[in-house]
$ cat structure_1.tsv   # TSV, C-alpha atoms
chain	number	residue	atom	x	y	z
A	1	MET	CA	-32.37	-51.35	-80.64
A	2	VAL	CA	-30.60	-54.66	-80.15
A	3	ARG	CA	-29.76	-55.35	-76.53
A	4	TRP	CA	-26.33	-56.89	-76.08
A	5	GLN	CA	-26.60	-60.52	-74.98
A	6	PRO	CA	-23.67	-61.96	-73.08
A	7	ASP	CA	-22.64	-65.54	-73.86
A	8	SER	CA	-24.57	-68.40	-72.21
A	9	ARG	CA	-22.05	-68.81	-69.42
A	10	GLY	CA	-22.16	-65.12	-68.59
A	11	ARG	CA	-25.96	-65.08	-68.67
A	12	LEU	CA	-26.12	-68.07	-66.34
A	13	GLU	CA	-23.67	-66.40	-63.97
A	14	GLN	CA	-25.68	-63.18	-63.89
A	15	ALA	CA	-28.95	-65.02	-63.37
A	16	ALA	CA	-27.48	-67.22	-60.62
A	17	LEU	CA	-25.96	-64.30	-58.69
A	18	ALA	CA	-29.16	-62.28	-58.96
A	19	LEU	CA	-31.22	-65.19	-57.62
A	20	TYR	CA	-28.74	-66.06	-54.85
A	21	GLY	CA	-28.92	-62.43	-53.77
A	22	GLU	CA	-32.72	-62.26	-53.92
A	23	ARG	CA	-33.69	-65.52	-52.23
A	24	GLY	CA	-30.46	-67.00	-50.85
A	25	PHE	CA	-28.10	-69.59	-52.31
A	26	GLU	CA	-29.80	-72.47	-50.50
A	27	ASN	CA	-33.25	-71.54	-51.84
A	28	THR	CA	-32.26	-71.30	-55.49
A	29	THR	CA	-32.52	-74.23	-57.91
A	30	VAL	CA	-30.66	-74.85	-61.15
A	31	ALA	CA	-34.03	-74.89	-62.94
A	32	GLU	CA	-34.72	-71.35	-61.72
A	33	ILE	CA	-31.28	-70.14	-62.80
A	34	ALA	CA	-31.73	-71.58	-66.28
A	35	GLU	CA	-35.23	-70.09	-66.58
A	36	ARG	CA	-34.06	-66.64	-65.48
A	37	ALA	CA	-31.23	-66.81	-68.04
A	38	GLY	CA	-33.65	-67.95	-70.78
A	39	LEU	CA	-31.68	-71.15	-71.22
A	40	THR	CA	-32.17	-74.84	-70.45
A	41	GLU	CA	-30.90	-76.83	-67.47
A	42	ARG	CA	-28.91	-78.88	-69.94
A	43	THR	CA	-27.05	-75.73	-70.99
A	44	PHE	CA	-26.41	-74.92	-67.33
A	45	PHE	CA	-24.82	-78.32	-66.80
A	46	ARG	CA	-22.64	-77.87	-69.88
A	47	HIS	CA	-21.00	-74.93	-68.07
A	48	PHE	CA	-21.21	-75.80	-64.37
A	49	ALA	CA	-21.19	-79.04	-62.38
A	50	ASP	CA	-23.64	-77.59	-59.85
A	51	LYS	CA	-24.92	-74.28	-58.52
A	52	ARG	CA	-21.92	-73.90	-56.22
A	53	GLU	CA	-19.53	-74.00	-59.15
A	54	VAL	CA	-20.96	-70.71	-60.41
A	55	LEU	CA	-19.23	-69.18	-57.37
A	56	PHE	CA	-16.05	-71.30	-57.28
A	57	GLY	CA	-15.42	-72.18	-60.92
A	58	GLY	CA	-12.92	-69.32	-61.24
A	59	ALA	CA	-10.72	-70.47	-58.33
A	60	GLY	CA	-8.48	-72.62	-60.51
A	61	LEU	CA	-7.88	-69.79	-62.96
A	62	LEU	CA	-7.04	-67.35	-60.17
A	63	GLN	CA	-4.68	-69.79	-58.49
A	64	GLY	CA	-2.98	-70.69	-61.77
A	65	LEU	CA	-2.43	-67.02	-62.54
A	66	MET	CA	-0.95	-66.39	-59.09
A	67	VAL	CA	1.33	-69.45	-59.19
A	68	SER	CA	2.60	-68.39	-62.64
A	69	ALA	CA	3.36	-64.91	-61.30
A	70	VAL	CA	5.44	-66.38	-58.45
A	71	ALA	CA	7.28	-68.71	-60.81
A	72	GLY	CA	7.81	-65.94	-63.35
A	73	ALA	CA	9.14	-63.28	-60.96
A	74	PRO	CA	12.76	-62.26	-61.58
A	75	ALA	CA	15.29	-64.71	-60.12
A	76	THR	CA	16.65	-61.93	-57.93
A	77	ALA	CA	13.22	-61.07	-56.42
A	78	ALA	CA	12.83	-61.71	-52.68
A	79	PRO	CA	10.15	-64.33	-51.82
A	80	ILE	CA	7.73	-61.67	-50.56
A	81	ASP	CA	8.14	-59.70	-53.79
A	82	ALA	CA	7.35	-62.82	-55.83
A	83	VAL	CA	4.17	-63.21	-53.74
A	84	MET	CA	3.34	-59.51	-54.18
A	85	ALA	CA	3.61	-60.03	-57.95
A	86	ALA	CA	0.99	-62.78	-57.58
A	87	LEU	CA	-1.29	-60.49	-55.55
A	88	THR	CA	-0.96	-57.76	-58.16
A	89	ALA	CA	-1.86	-60.19	-60.94
A	90	ALA	CA	-4.91	-61.38	-58.98
A	91	GLY	CA	-5.86	-57.78	-58.22
A	92	ASN	CA	-5.77	-56.82	-61.89
A	93	LEU	CA	-7.99	-59.76	-62.81
A	94	LEU	CA	-10.58	-59.18	-60.05
A	95	GLN	CA	-10.58	-55.42	-60.62
A	96	GLN	CA	-12.17	-56.04	-64.02
A	97	ARG	CA	-15.04	-57.95	-62.44
A	98	ARG	CA	-15.92	-55.83	-59.45
A	99	ASP	CA	-19.70	-56.24	-59.83
A	100	PHE	CA	-19.37	-60.01	-59.96
A	101	ALA	CA	-16.92	-59.95	-57.01
A	102	ARG	CA	-19.30	-57.83	-54.91
A	103	GLN	CA	-22.36	-59.94	-55.58
A	104	ARG	CA	-20.40	-63.16	-55.05
A	105	HIS	CA	-18.96	-61.89	-51.76
A	106	ALA	CA	-22.40	-60.97	-50.39
A	107	VAL	CA	-23.74	-64.45	-51.26
A	108	ILE	CA	-20.78	-66.21	-49.60
A	109	VAL	CA	-20.90	-64.14	-46.42
A	110	ALA	CA	-24.58	-65.09	-46.00
A	111	ASN	CA	-24.06	-68.87	-46.12
A	112	ALA	CA	-22.01	-71.01	-43.68
A	113	GLU	CA	-21.29	-73.80	-46.18
A	114	LEU	CA	-20.01	-71.30	-48.74
A	115	ARG	CA	-17.86	-69.54	-46.15
A	116	GLU	CA	-16.24	-72.91	-45.38
A	117	ARG	CA	-15.70	-73.58	-49.06
A	118	GLU	CA	-14.02	-70.16	-49.37
A	119	LEU	CA	-11.70	-71.00	-46.45
A	120	ILE	CA	-10.70	-74.22	-48.20
A	121	LYS	CA	-10.03	-72.29	-51.41
A	122	MET	CA	-7.76	-69.89	-49.53
A	123	ALA	CA	-5.89	-72.71	-47.77
A	124	THR	CA	-5.38	-74.44	-51.12
A	125	LEU	CA	-4.09	-71.18	-52.56
A	126	ALA	CA	-1.60	-70.77	-49.68
A	127	SER	CA	-0.28	-74.31	-50.26
A	128	ALA	CA	0.07	-73.69	-53.99
A	129	LEU	CA	1.96	-70.43	-53.42
A	130	ALA	CA	4.27	-72.11	-50.87
A	131	ASP	CA	5.00	-74.86	-53.43
A	132	ALA	CA	5.74	-72.25	-56.09
A	133	LEU	CA	8.18	-70.56	-53.69
A	134	ARG	CA	9.88	-73.91	-52.97
A	135	GLY	CA	10.21	-74.24	-56.74
A	136	ARG	CA	12.24	-71.02	-56.60
A	137	GLY	CA	14.54	-72.58	-53.98
A	138	VAL	CA	12.93	-70.92	-50.94
A	139	THR	CA	13.24	-73.25	-47.94
A	140	ASP	CA	10.79	-73.81	-45.09
A	141	PRO	CA	9.55	-72.23	-42.87
A	142	ALA	CA	10.13	-69.12	-45.03
A	143	ALA	CA	8.12	-70.58	-47.95
A	144	SER	CA	5.05	-71.37	-45.83
A	145	LEU	CA	5.22	-68.13	-43.86
A	146	THR	CA	5.58	-65.96	-46.96
A	147	ALA	CA	2.67	-67.74	-48.64
A	148	GLU	CA	0.47	-67.45	-45.54
A	149	ALA	CA	1.37	-63.77	-45.16
A	150	GLY	CA	0.50	-63.21	-48.82
A	151	VAL	CA	-2.89	-64.87	-48.46
A	152	ALA	CA	-3.58	-62.84	-45.28
A	153	VAL	CA	-2.89	-59.63	-47.22
A	154	PHE	CA	-5.02	-60.89	-50.12
A	155	ARG	CA	-8.03	-61.59	-47.88
A	156	VAL	CA	-7.86	-58.39	-45.88
A	157	ALA	CA	-7.30	-56.23	-48.98
A	158	PHE	CA	-10.04	-57.99	-50.94
A	159	GLU	CA	-12.56	-57.43	-48.14
A	160	ARG	CA	-11.69	-53.76	-47.84
A	161	TRP	CA	-12.03	-53.30	-51.58
A	162	VAL	CA	-15.21	-55.30	-52.04
A	163	GLU	CA	-17.00	-53.64	-49.11
A	164	ALA	CA	-15.92	-50.05	-49.86
A	165	ALA	CA	-18.45	-47.74	-51.51
A	166	ASP	CA	-15.80	-46.00	-53.61
A	167	PRO	CA	-12.60	-48.00	-53.36
A	168	SER	CA	-9.13	-47.48	-54.78
A	169	ASP	CA	-8.17	-50.05	-57.39
A	170	LEU	CA	-7.54	-53.48	-55.89
A	171	PRO	CA	-3.81	-53.77	-56.70
A	172	SER	CA	-3.24	-50.49	-54.78
A	173	VAL	CA	-5.28	-51.75	-51.83
A	174	MET	CA	-3.15	-54.94	-51.88
A	175	ARG	CA	0.03	-52.89	-51.83
A	176	SER	CA	-1.08	-50.65	-48.96
A	177	SER	CA	-2.31	-53.67	-46.97
A	178	PHE	CA	1.07	-55.27	-47.49
A	179	ASP	CA	2.82	-52.12	-46.22
A	180	GLU	CA	0.54	-52.24	-43.21
A	181	LEU	CA	1.47	-55.89	-42.54
A	182	LYS	CA	5.13	-54.93	-42.71
A	183	ALA	CA	4.50	-52.13	-40.20
A	184	VAL	CA	2.54	-54.32	-37.75
A	185	THR	CA	5.06	-57.18	-37.83
A	186	ALA	CA	7.82	-54.63	-37.19
A	187	GLY	CA	5.89	-53.72	-34.01
A	188	GLU	CA	4.61	-50.33	-35.12
B	189	MET	CA	1.26	-102.88	-8.69
B	190	VAL	CA	-1.62	-100.48	-9.24
B	191	ARG	CA	-1.66	-99.00	-12.72
B	192	TRP	CA	-2.60	-95.33	-12.76
B	193	GLN	CA	-6.02	-94.83	-14.30
B	194	PRO	CA	-6.75	-91.46	-15.80
B	195	ASP	CA	-10.21	-89.99	-15.36
B	196	SER	CA	-13.04	-91.11	-17.65
B	197	ARG	CA	-12.61	-88.19	-20.02
B	198	GLY	CA	-8.88	-88.84	-20.34
B	199	ARG	CA	-9.44	-92.56	-20.90
B	200	LEU	CA	-12.03	-91.86	-23.60
B	201	GLU	CA	-9.64	-89.42	-25.30
B	202	GLN	CA	-6.79	-91.92	-25.26
B	203	ALA	CA	-9.00	-94.71	-26.56
B	204	ALA	CA	-10.46	-92.50	-29.31
B	205	LEU	CA	-7.09	-91.28	-30.54
B	206	ALA	CA	-5.63	-94.78	-30.52
B	207	LEU	CA	-8.58	-96.09	-32.57
B	208	TYR	CA	-8.62	-93.12	-34.99
B	209	GLY	CA	-4.91	-93.79	-35.57
B	210	GLU	CA	-5.35	-97.54	-36.06
B	211	ARG	CA	-8.42	-97.67	-38.29
B	212	GLY	CA	-9.15	-94.08	-39.30
B	213	PHE	CA	-11.56	-91.54	-37.83
B	214	GLU	CA	-14.32	-92.45	-40.27
B	215	ASN	CA	-14.17	-96.15	-39.40
B	216	THR	CA	-14.36	-95.73	-35.64
B	217	THR	CA	-17.65	-95.80	-33.71
B	218	VAL	CA	-18.49	-94.35	-30.32
B	219	ALA	CA	-19.32	-97.90	-29.14
B	220	GLU	CA	-15.78	-99.01	-29.97
B	221	ILE	CA	-14.24	-96.03	-28.18
B	222	ALA	CA	-16.27	-96.71	-25.04
B	223	GLU	CA	-15.40	-100.41	-25.14
B	224	ARG	CA	-11.67	-99.71	-25.55
B	225	ALA	CA	-11.82	-97.29	-22.61
B	226	GLY	CA	-13.71	-99.83	-20.49
B	227	LEU	CA	-16.62	-97.43	-20.17
B	228	THR	CA	-20.17	-97.15	-21.49
B	229	GLU	CA	-21.46	-95.16	-24.45
B	230	ARG	CA	-23.53	-93.19	-21.99
B	231	THR	CA	-20.36	-92.09	-20.24
B	232	PHE	CA	-18.89	-91.07	-23.60
B	233	PHE	CA	-21.88	-88.85	-24.31
B	234	ARG	CA	-21.60	-87.26	-20.89
B	235	HIS	CA	-18.20	-85.92	-21.98
B	236	PHE	CA	-18.50	-85.44	-25.75
B	237	ALA	CA	-21.35	-84.58	-28.11
B	238	ASP	CA	-19.90	-86.86	-30.82
B	239	LYS	CA	-16.66	-88.49	-31.88
B	240	ARG	CA	-15.45	-85.31	-33.57
B	241	GLU	CA	-15.64	-83.36	-30.33
B	242	VAL	CA	-12.86	-85.52	-28.88
B	243	LEU	CA	-10.62	-83.66	-31.35
B	244	PHE	CA	-12.20	-80.19	-31.21
B	245	GLY	CA	-13.54	-79.94	-27.65
B	246	GLY	CA	-10.42	-78.04	-26.57
B	247	ALA	CA	-10.74	-75.28	-29.20
B	248	GLY	CA	-12.85	-73.04	-27.00
B	249	LEU	CA	-10.40	-73.27	-24.11
B	250	LEU	CA	-7.44	-72.50	-26.37
B	251	GLN	CA	-9.20	-69.54	-27.97
B	252	GLY	CA	-10.34	-68.20	-24.59
B	253	LEU	CA	-6.79	-68.40	-23.27
B	254	MET	CA	-5.41	-66.56	-26.31
B	255	VAL	CA	-8.07	-63.84	-26.25
B	256	SER	CA	-7.38	-63.27	-22.52
B	257	ALA	CA	-3.67	-62.97	-23.24
B	258	VAL	CA	-4.33	-60.28	-25.89
B	259	ALA	CA	-6.70	-58.41	-23.57
B	260	GLY	CA	-4.30	-58.71	-20.65
B	261	ALA	CA	-1.13	-57.56	-22.42
B	262	PRO	CA	0.33	-54.28	-21.06
B	263	ALA	CA	-1.43	-51.21	-22.42
B	264	THR	CA	1.86	-50.07	-23.95
B	265	ALA	CA	2.39	-53.35	-25.89
B	266	ALA	CA	2.30	-53.08	-29.69
B	267	PRO	CA	-0.53	-55.12	-31.32
B	268	ILE	CA	1.90	-57.78	-32.58
B	269	ASP	CA	3.36	-58.16	-29.08
B	270	ALA	CA	-0.13	-58.68	-27.65
B	271	VAL	CA	-0.65	-61.41	-30.27
B	272	MET	CA	2.75	-62.94	-29.48
B	273	ALA	CA	1.68	-63.10	-25.81
B	274	ALA	CA	-1.35	-65.11	-26.97
B	275	LEU	CA	0.87	-67.45	-29.00
B	276	THR	CA	3.17	-67.98	-26.04
B	277	ALA	CA	0.21	-68.80	-23.79
B	278	ALA	CA	-1.09	-71.30	-26.37
B	279	GLY	CA	2.40	-72.74	-26.77
B	280	ASN	CA	2.74	-73.34	-23.04
B	281	LEU	CA	-0.62	-75.12	-22.93
B	282	LEU	CA	-0.01	-77.35	-25.95
B	283	GLN	CA	3.56	-78.10	-24.88
B	284	GLN	CA	2.19	-80.02	-21.90
B	285	ARG	CA	0.13	-82.26	-24.18
B	286	ARG	CA	2.56	-83.06	-26.97
B	287	ASP	CA	1.53	-86.74	-27.28
B	288	PHE	CA	-2.12	-85.77	-27.61
B	289	ALA	CA	-1.22	-82.99	-30.08
B	290	ARG	CA	0.82	-85.38	-32.25
B	291	GLN	CA	-1.80	-88.08	-32.39
B	292	ARG	CA	-4.55	-85.55	-33.02
B	293	HIS	CA	-2.56	-83.90	-35.81
B	294	ALA	CA	-1.98	-87.23	-37.58
B	295	VAL	CA	-5.72	-88.03	-37.45
B	296	ILE	CA	-6.72	-84.63	-38.81
B	297	VAL	CA	-4.20	-84.65	-41.66
B	298	ALA	CA	-5.61	-88.01	-42.80
B	299	ASN	CA	-9.25	-86.85	-43.12
B	300	ALA	CA	-10.62	-84.15	-45.43
B	301	GLU	CA	-13.66	-83.32	-43.27
B	302	LEU	CA	-11.43	-82.86	-40.21
B	303	ARG	CA	-8.98	-80.71	-42.15
B	304	GLU	CA	-11.91	-78.44	-43.08
B	305	ARG	CA	-13.06	-78.30	-39.49
B	306	GLU	CA	-9.51	-77.33	-38.45
B	307	LEU	CA	-9.51	-74.50	-41.02
B	308	ILE	CA	-12.78	-73.20	-39.60
B	309	LYS	CA	-11.31	-73.35	-36.11
B	310	MET	CA	-8.31	-71.29	-37.25
B	311	ALA	CA	-10.49	-68.72	-39.04
B	312	THR	CA	-12.65	-68.39	-35.91
B	313	LEU	CA	-9.50	-67.90	-33.85
B	314	ALA	CA	-8.25	-65.17	-36.20
B	315	SER	CA	-11.60	-63.32	-35.90
B	316	ALA	CA	-11.54	-63.61	-32.12
B	317	LEU	CA	-7.98	-62.26	-31.92
B	318	ALA	CA	-8.87	-59.36	-34.27
B	319	ASP	CA	-11.86	-58.54	-32.02
B	320	ALA	CA	-9.60	-58.62	-28.94
B	321	LEU	CA	-7.21	-56.21	-30.67
B	322	ARG	CA	-10.11	-53.88	-31.56
B	323	GLY	CA	-10.97	-54.03	-27.85
B	324	ARG	CA	-7.49	-52.60	-27.22
B	325	GLY	CA	-8.26	-49.73	-29.61
B	326	VAL	CA	-6.39	-51.14	-32.63
B	327	THR	CA	-8.11	-50.02	-35.84
B	328	ASP	CA	-8.58	-51.93	-39.10
B	329	PRO	CA	-6.89	-53.09	-41.25
B	330	ALA	CA	-4.11	-53.37	-38.62
B	331	ALA	CA	-6.30	-55.47	-36.29
B	332	SER	CA	-7.19	-58.05	-38.98
B	333	LEU	CA	-3.69	-58.16	-40.42
B	334	THR	CA	-2.03	-58.62	-37.04
B	335	ALA	CA	-4.47	-61.37	-36.10
B	336	GLU	CA	-4.03	-63.14	-39.46
B	337	ALA	CA	-0.25	-62.86	-39.18
B	338	GLY	CA	-0.40	-64.31	-35.66
B	339	VAL	CA	-2.50	-67.26	-36.80
B	340	ALA	CA	-0.11	-67.85	-39.73
B	341	VAL	CA	2.81	-68.01	-37.30
B	342	PHE	CA	0.80	-70.27	-34.97
B	343	ARG	CA	0.01	-72.76	-37.76
B	344	VAL	CA	3.49	-72.88	-39.24
B	345	ALA	CA	5.17	-73.14	-35.81
B	346	PHE	CA	2.71	-75.78	-34.60
B	347	GLU	CA	3.34	-77.94	-37.67
B	348	ARG	CA	7.12	-77.69	-37.32
B	349	TRP	CA	6.90	-78.62	-33.66
B	350	VAL	CA	4.38	-81.44	-33.99
B	351	GLU	CA	6.19	-83.07	-36.92
B	352	ALA	CA	9.76	-82.75	-35.53
B	353	ALA	CA	11.36	-85.86	-34.03
B	354	ASP	CA	13.12	-83.87	-31.32
B	355	PRO	CA	11.70	-80.36	-31.29
B	356	SER	CA	12.50	-77.28	-29.24
B	357	ASP	CA	9.71	-76.26	-26.90
B	358	LEU	CA	6.70	-74.82	-28.71
B	359	PRO	CA	6.87	-71.23	-27.37
B	360	SER	CA	10.46	-71.01	-28.70
B	361	VAL	CA	9.39	-72.36	-32.10
B	362	MET	CA	6.60	-69.73	-32.14
B	363	ARG	CA	9.10	-67.00	-31.37
B	364	SER	CA	11.57	-68.09	-34.07
B	365	SER	CA	8.74	-68.46	-36.62
B	366	PHE	CA	7.64	-64.95	-35.81
B	367	ASP	CA	11.20	-63.65	-36.30
B	368	GLU	CA	11.19	-65.44	-39.64
B	369	LEU	CA	7.89	-63.78	-40.64
B	370	LYS	CA	9.36	-60.41	-39.75
B	371	ALA	CA	12.40	-61.17	-41.92
B	372	VAL	CA	10.35	-62.36	-44.92
B	373	THR	CA	7.93	-59.41	-44.83
B	374	ALA	CA	10.94	-57.08	-44.66
B	375	GLY	CA	12.07	-58.67	-47.96
B	376	GLU	CA	15.00	-60.64	-46.62
$ encode --input "structure_1.tsv" --output "structure tokens"
Amino acid sequence: MVRWQPDSRGRLEQAALALYGERGFENTTVAEIAERAGLTERTFFRHFADKREVLFGGAGLLQGLMVSAVAGAPATAAPIDAVMAALTAAGNLLQQRRDFARQRHAVIVANAELRERELIKMATLASALADALRGRGVTDPAASLTAEAGVAVFRVAFERWVEAADPSDLPSVMRSSFDELKAVTAGE
Amino acid sequence: MVRWQPDSRGRLEQAALALYGERGFENTTVAEIAERAGLTERTFFRHFADKREVLFGGAGLLQGLMVSAVAGAPATAAPIDAVMAALTAAGNLLQQRRDFARQRHAVIVANAELRERELIKMATLASALADALRGRGVTDPAASLTAEAGVAVFRVAFERWVEAADPSDLPSVMRSSFDELKAVTAGE
């Protein structure tokens, strides 16, 4: 029986997340990741700049996808609907990688430096979404507030989904979290 | 004519902010701050652990004030109104120190490490407000979403106020930013 072998990048990712989970991010070396994956350090560095990039290398892709969804929403869509389209796109992408998302989340929660890095990623995402809204002619403060509200929904929904034993699909959790935000801001 | 001399802590703050503005946070030493204030380094370290604490030493006070406002809101107040009470309390405090707030903001915007520290401060504030709401019996995800929405309004309102040449008072800017958030989440 031939066992399926993921590509080098995927094998390095799996090995890194397993090791970060077992012994902590700070106690794992690139040499150990490469060894666990049955690859060389040189191969590791062809895919990732450092061991942190295993966790954050996908941020650019996610942000690009979300910005495109805002830009590509129908011209008649309200700003919040353009942002919801971005959240749905992100939800569909992350939904396909739930195991990775869960492992990654556990590693980040356990490490202060990684939690800070995640905050910076989210702030960068909020700025990029606000810029995309301005590109649609939305003025400030509506552009910033809509983007910040969108990122708040994203974070809260993602945490619910990633921590739930048997969650609904992420785009649905995003939608219900958004409805909840609407209800709380309306004073309900 | 006797010139009014603020207390040592105030003089150190003024000297630090002036120097951070003139030559950058990273290029200013504690020795220079003390010299500019006409005080000793020892006096500086009686008031601040390091030069960064001149900028972040007030975070605990601000957060404490906001958490108390959430806890002390009438039992009948909706969660978002409890958070708005916290924003108003913060607005009244910061309003009295607009010059400090402006100088501090300019220094933080110019330095990546300080921007990160400010993000952490805001995330810590959001967690503290969510905890205060849970203390009022608000369940999740409403508690997290309300707290995140409140911090989004705080940040956007604070930036508008601190960057405006001739702004309205900060509590009013908070209130109008909140009305704007309500409008954008309602899809207007």
$ interface_residues --input "structure_1.tsv" --of "chain A" --to "chain B" --cutoff "10 Å" --atoms "all atoms listed in the file" --output "PDB file with C-alpha atoms, in the frame of the given file"
ATOM      1  CA  ALA A  77      13.220 -61.070 -56.420  1.00  0.00           C
ATOM      2  CA  ALA A  78      12.830 -61.710 -52.680  1.00  0.00           C
ATOM      3  CA  PRO A  79      10.150 -64.330 -51.820  1.00  0.00           C
ATOM      4  CA  ILE A  80       7.730 -61.670 -50.560  1.00  0.00           C
ATOM      5  CA  ASP A  81       8.140 -59.700 -53.790  1.00  0.00           C
ATOM      6  CA  ARG A 115     -17.860 -69.540 -46.150  1.00  0.00           C
ATOM      7  CA  GLU A 116     -16.240 -72.910 -45.380  1.00  0.00           C
ATOM      8  CA  ARG A 117     -15.700 -73.580 -49.060  1.00  0.00           C
ATOM      9  CA  LEU A 119     -11.700 -71.000 -46.450  1.00  0.00           C
ATOM     10  CA  ILE A 120     -10.700 -74.220 -48.200  1.00  0.00           C
ATOM     11  CA  MET A 122      -7.760 -69.890 -49.530  1.00  0.00           C
ATOM     12  CA  ALA A 123      -5.890 -72.710 -47.770  1.00  0.00           C
ATOM     13  CA  ASP A 140      10.790 -73.810 -45.090  1.00  0.00           C
ATOM     14  CA  PRO A 141       9.550 -72.230 -42.870  1.00  0.00           C
ATOM     15  CA  ALA A 142      10.130 -69.120 -45.030  1.00  0.00           C
ATOM     16  CA  ALA A 143       8.120 -70.580 -47.950  1.00  0.00           C
ATOM     17  CA  SER A 144       5.050 -71.370 -45.830  1.00  0.00           C
ATOM     18  CA  LEU A 145       5.220 -68.130 -43.860  1.00  0.00           C
ATOM     19  CA  THR A 146       5.580 -65.960 -46.960  1.00  0.00           C
ATOM     20  CA  ALA A 147       2.670 -67.740 -48.640  1.00  0.00           C
ATOM     21  CA  GLU A 148       0.470 -67.450 -45.540  1.00  0.00           C
ATOM     22  CA  ALA A 149       1.370 -63.770 -45.160  1.00  0.00           C
ATOM     23  CA  GLY A 150       0.500 -63.210 -48.820  1.00  0.00           C
ATOM     24  CA  VAL A 151      -2.890 -64.870 -48.460  1.00  0.00           C
ATOM     25  CA  ALA A 152      -3.580 -62.840 -45.280  1.00  0.00           C
ATOM     26  CA  VAL A 153      -2.890 -59.630 -47.220  1.00  0.00           C
ATOM     27  CA  ARG A 155      -8.030 -61.590 -47.880  1.00  0.00           C
ATOM     28  CA  VAL A 156      -7.860 -58.390 -45.880  1.00  0.00           C
ATOM     29  CA  ALA A 157      -7.300 -56.230 -48.980  1.00  0.00           C
ATOM     30  CA  GLU A 159     -12.560 -57.430 -48.140  1.00  0.00           C
ATOM     31  CA  ARG A 160     -11.690 -53.760 -47.840  1.00  0.00           C
ATOM     32  CA  SER A 176      -1.080 -50.650 -48.960  1.00  0.00           C
ATOM     33  CA  SER A 177      -2.310 -53.670 -46.970  1.00  0.00           C
ATOM     34  CA  PHE A 178       1.070 -55.270 -47.490  1.00  0.00           C
ATOM     35  CA  ASP A 179       2.820 -52.120 -46.220  1.00  0.00           C
ATOM     36  CA  GLU A 180       0.540 -52.240 -43.210  1.00  0.00           C
ATOM     37  CA  LEU A 181       1.470 -55.890 -42.540  1.00  0.00           C
ATOM     38  CA  LYS A 182       5.130 -54.930 -42.710  1.00  0.00           C
ATOM     39  CA  ALA A 183       4.500 -52.130 -40.200  1.00  0.00           C
ATOM     40  CA  VAL A 184       2.540 -54.320 -37.750  1.00  0.00           C
ATOM     41  CA  THR A 185       5.060 -57.180 -37.830  1.00  0.00           C
ATOM     42  CA  ALA A 186       7.820 -54.630 -37.190  1.00  0.00           C
ATOM     43  CA  GLY A 187       5.890 -53.720 -34.010  1.00  0.00           C
ATOM     44  CA  GLU A 188       4.610 -50.330 -35.120  1.00  0.00           C
TER      45      GLU A 188
END
$ atom_distance --input "structure_1.tsv" --atom1 "atom CA of B:Met362" --atom2 "atom CA of B:Ala294"
20.2 Å
$ atom_distance --input "structure_1.tsv" --atom1 "atom CA of B:Ala278" --atom2 "atom CA of B:Leu253"
7.1 Å
$ atom_distance --input "structure_1.tsv" --atom1 "atom CA of B:Gln251" --atom2 "atom CA of B:Leu207"
27.0 Å
$ closest_residue --input "structure_1.tsv" --among "B:Ala225, B:Val326, B:Met272, B:Leu200" --to "B:Lys239" --atoms "all atoms listed in the file"
B:Leu200
$ residues_near_point --input "structure_1.tsv" --point "(-32.3, -67.6, -68.1)" --cutoff "12 Å" --atoms "all atoms listed in the file" --output "JSON, numbers by chain"
{"A": [5, 6, 7, 8, 9, 10, 11, 12, 13, 14, 15, 16, 17, 18, 19, 30, 31, 32, 33, 34, 35, 36, 37, 38, 39, 40, 41, 42, 43, 44]}
$ write_last_selection --input "structure_1.tsv" --atoms "C-alpha atoms" --output "mmCIF file, keeping the file's coordinate frame"
data_model
loop_
_atom_site.group_PDB
_atom_site.id
_atom_site.type_symbol
_atom_site.label_atom_id
_atom_site.label_comp_id
_atom_site.auth_asym_id
_atom_site.auth_seq_id
_atom_site.Cartn_x
_atom_site.Cartn_y
_atom_site.Cartn_z
ATOM 1 C CA GLN A 5 -26.600 -60.520 -74.980
ATOM 2 C CA PRO A 6 -23.670 -61.960 -73.080
ATOM 3 C CA ASP A 7 -22.640 -65.540 -73.860
ATOM 4 C CA SER A 8 -24.570 -68.400 -72.210
ATOM 5 C CA ARG A 9 -22.050 -68.810 -69.420
ATOM 6 C CA GLY A 10 -22.160 -65.120 -68.590
ATOM 7 C CA ARG A 11 -25.960 -65.080 -68.670
ATOM 8 C CA LEU A 12 -26.120 -68.070 -66.340
ATOM 9 C CA GLU A 13 -23.670 -66.400 -63.970
ATOM 10 C CA GLN A 14 -25.680 -63.180 -63.890
ATOM 11 C CA ALA A 15 -28.950 -65.020 -63.370
ATOM 12 C CA ALA A 16 -27.480 -67.220 -60.620
ATOM 13 C CA LEU A 17 -25.960 -64.300 -58.690
ATOM 14 C CA ALA A 18 -29.160 -62.280 -58.960
ATOM 15 C CA LEU A 19 -31.220 -65.190 -57.620
ATOM 16 C CA VAL A 30 -30.660 -74.850 -61.150
ATOM 17 C CA ALA A 31 -34.030 -74.890 -62.940
ATOM 18 C CA GLU A 32 -34.720 -71.350 -61.720
ATOM 19 C CA ILE A 33 -31.280 -70.140 -62.800
ATOM 20 C CA ALA A 34 -31.730 -71.580 -66.280
ATOM 21 C CA GLU A 35 -35.230 -70.090 -66.580
ATOM 22 C CA ARG A 36 -34.060 -66.640 -65.480
ATOM 23 C CA ALA A 37 -31.230 -66.810 -68.040
ATOM 24 C CA GLY A 38 -33.650 -67.950 -70.780
ATOM 25 C CA LEU A 39 -31.680 -71.150 -71.220
ATOM 26 C CA THR A 40 -32.170 -74.840 -70.450
ATOM 27 C CA GLU A 41 -30.900 -76.830 -67.470
ATOM 28 C CA ARG A 42 -28.910 -78.880 -69.940
ATOM 29 C CA THR A 43 -27.050 -75.730 -70.990
ATOM 30 C CA PHE A 44 -26.410 -74.920 -67.330
#
